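A.B. asks: Take this structure first; my questions come after.
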Amino acid sequence: MKQFNFILFGPPGAGKGTQAKTISSKFGVVHLSTGDMIREAKDDPMFAKYLTSGQLVPDNVIVDMVVKRLQKDDCKNGFLLDGFPRTIFQAQELDKFLQQLNRKIAAVFYIDIAQEEVIKRLAGRRVCPSCGGSFNIDLKPPKQEGICDFCGAKLVQRKDDNPDTIKERLEVYEKQTKPLAEYYDKSGVVARIDGAVSPDKVFEQIEKFVNTNVK
Ligand code: AMP
């Protein structure tokens, strides 16, 4: 049986959250977003600090969190990591952990998109704190201003979607995360996905890669 151990990779605002929902339901894998884990723990002042600054949570803290989560039963048939790894160290630790279990990464979906587009998407993003729905005031407005189409809750702007934090997050991505593309290129599992098209077209590229490359 195919085992889908996937990584979703790309800059903030590339549409990873939207793709993650589709990938998770179409391929039956559990969606693990480290950003969501950190936001859920935001009452801990240590995490709140990273969310407002756009800086990365220390490697050992996030690696521990992910390794514990990956040992749960729902990850046995596969997982989709979204927002992890974000540094070479995290990738190496993930490799070590998977090696012990005799498991491998089947695909890294690298959603590639220009920085100007990312800034537009992040600055206009509004999210639903209740069901996780995501909108954009310019590109994908909700039917009723400020209200979630799916559950009727009031939409909010993520704390880290303000101009200063966006700038910092993009810098952190360029310096610390982007080099991972090369790290994974060596293992031949990277699918470069054009992220500038509609969500359906992005998913089509992902599905095609899985159907032709994941054995
Ligand atoms: P995201 O929703 O993936 O953009 O993550 C939101 C924030 O959570 C990031 O700006 C970081 O502060 C933190 N975070 C999420 N994933 C990681 C990770 N793999 N390593 C370090 N920090 C992370």
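In the structure tokens, chains take letters A, B, ... by order of appearance, with residues numbered from 1 within each chain and ligands from 1 in the order shown.
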Hey, what's within 7 Å of Asp194 of chain A if we count only C-alpha atoms and toss same-chain stuff fewer than 2 positions away? As a ChimeraX atom specification, please?
C.D. replies: /A:111-113,192,196-197,202
A.B. asks: Those residues you just picked out, can you put them in a file as an mmCIF file, in the first residue's frame with N, CA, C and O atoms?
C.D. replies:
data_model
loop_
_atom_site.group_PDB
_atom_site.id
_atom_site.type_symbol
_atom_site.label_atom_id
_atom_site.label_comp_id
_atom_site.auth_asym_id
_atom_site.auth_seq_id
_atom_site.Cartn_x
_atom_site.Cartn_y
_atom_site.Cartn_z
ATOM 1 N N ILE A 111 5.321 24.950 -3.229
ATOM 2 C CA ILE A 111 4.442 25.926 -3.883
ATOM 3 C C ILE A 111 5.219 27.218 -4.090
ATOM 4 O O ILE A 111 5.562 27.911 -3.144
ATOM 5 N N ASP A 112 5.494 27.476 -5.349
ATOM 6 C CA ASP A 112 6.356 28.585 -5.736
ATOM 7 C C ASP A 112 5.503 29.777 -6.170
ATOM 8 O O ASP A 112 4.593 29.621 -6.984
ATOM 9 N N ILE A 113 5.812 30.941 -5.628
ATOM 10 C CA ILE A 113 5.007 32.124 -5.942
ATOM 11 C C ILE A 113 5.829 33.385 -5.696
ATOM 12 O O ILE A 113 6.665 33.413 -4.783
ATOM 13 N N ARG A 192 7.721 20.810 -7.923
ATOM 14 C CA ARG A 192 7.594 22.278 -7.982
ATOM 15 C C ARG A 192 6.233 22.636 -8.540
ATOM 16 O O ARG A 192 5.874 22.229 -9.647
ATOM 17 N N ALA A 196 0.752 30.491 -8.455
ATOM 18 C CA ALA A 196 0.108 31.756 -8.847
ATOM 19 C C ALA A 196 -1.246 31.534 -9.518
ATOM 20 O O ALA A 196 -1.908 32.483 -9.905
ATOM 21 N N VAL A 197 -1.657 30.276 -9.660
ATOM 22 C CA VAL A 197 -2.925 29.981 -10.339
ATOM 23 C C VAL A 197 -4.023 29.687 -9.292
ATOM 24 O O VAL A 197 -3.765 29.761 -8.092
ATOM 25 N N VAL A 202 -3.816 24.571 -8.697
ATOM 26 C CA VAL A 202 -2.669 24.189 -7.858
ATOM 27 C C VAL A 202 -2.835 22.726 -7.456
ATOM 28 O O VAL A 202 -1.916 21.916 -7.585
#
A.B. asks: Can you tell me which residues come within 10 Å of ligand 1 when counting only C-alpha atoms and all ligand atoms, ideally as a PyMOL selection string?
C.D. replies: chain A and resi 9-13+16-17+33-39+42+47-63+65-66+81-87+90-91+158-161+165-166+168-170+172-173+176-177
A.B. asks: Asp73 of chain A: which residues within 12 Å, counting only C-alpha atoms, same-chain residues fewer than 6 positions away excluded, as a PyMOL selection string?
C.D. replies: chain A and resi 29-30+79
A.B. asks: Pull N, CA and C atoms from the residues just selected and write them as a tab-separated table (two decimals), in the first residue's frame.
C.D. replies:
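As written to disk, again-v2.tsv reads:
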chain	number	residue	atom	x	y	z
A	29	VAL	N	-4.85	11.71	4.52
A	29	VAL	CA	-3.72	11.88	5.44
A	29	VAL	C	-4.04	12.96	6.46
A	30	VAL	N	-3.47	12.82	7.64
A	30	VAL	CA	-3.74	13.80	8.67
A	30	VAL	C	-2.93	15.09	8.41
A	79	PHE	N	0.89	11.32	6.63
A	79	PHE	CA	0.66	12.66	7.20
A	79	PHE	C	1.04	13.71	6.17
A.B. asks: Mind dumping a table of every segment 11-128 of chain A residue within 12 Å of segment 140-147 of chain A, with the nearest atom pair and its distance in Å to one decimal, using only C-alpha atoms, sorted by chain and rising number, as a tab-separated table?
C.D. replies:
residue	atom	partner	partner_atom	distance
A:Lys120	CA	A:Lys140	CA	11.7
A:Arg121	CA	A:Lys140	CA	9.6
A:Gly124	CA	A:Lys140	CA	9.1
A:Arg125	CA	A:Lys140	CA	8.8
A:Arg126	CA	A:Gly146	CA	8.1
A:Val127	CA	A:Gly146	CA	9.4
A:Cys128	CA	A:Ile147	CA	8.2
A.B. asks: Find, counting only C-alpha atoms, the residue in A:Gly152, A:Gly78, A:Gly188, A:Gly195 that gets nearest to Gly28 of chain A.
C.D. replies: A:Gly78
A.B. asks: Select from segment 11-49 of chain A everything DSSP, run on the backbone, classes as strand (DSSP E or B), then give the selection as a ChimeraX atom specification.
C.D. replies: /A:30-33
A.B. asks: For the atom pair atom CA of Gln71 of chain A and atom CA of Ile88 of chain A, what is the interatomic distance in Å to one decimal place?
C.D. replies: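 So the answer is 21.5 Å.
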A.B. asks: When you draw a straight line from atom CA of Gln157 of chain A to atom CA of Pro129 of chain A, how long is it in Å?
C.D. replies: 9.4 Å
A.B. asks: Could you please determine the separation between atom CA of Ile137 of chain A and atom CA of Gln115 of chain A in Å, to one decimal place?
C.D. replies: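 Going from atom CA of Ile137 of chain A over to atom CA of Gln115 of chain A covers 18.6 Å.
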A.B. asks: Counting only C-alpha atoms, figure out which residue out of A:Phe203, A:Ala123, A:Lys72, A:Leu155 gets nearest to Ser25 of chain A.
C.D. replies: A:Phe203
A.B. asks: For Ser187 of chain A, find every residue with an atom within 12 Å (counting only C-alpha atoms), except residues of its own chain fewer than 3 positions away, and show them as a PyMOL selection string.
C.D. replies: chain A and resi 95+104-108+180-184+190-191
A.B. asks: For Asp164 of chain A, which residue out of A:Leu122, A:Gly132, A:Ser198, A:Glu204 is the nearest one, using only C-alpha atoms?
C.D. replies: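 Among A:Leu122, A:Gly132, A:Ser198, A:Glu204, it is A:Leu122 that comes nearest to Asp164 of chain A.
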A.B. asks: Using only C-alpha atoms, can you tell me which of A:Val67, A:Ala153, A:Ala20, A:Ala41 comes closest to Phe97 of chain A?
C.D. replies: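 Between A:Val67, A:Ala153, A:Ala20, A:Ala41, the residue approaching Phe97 of chain A most closely is A:Val67.
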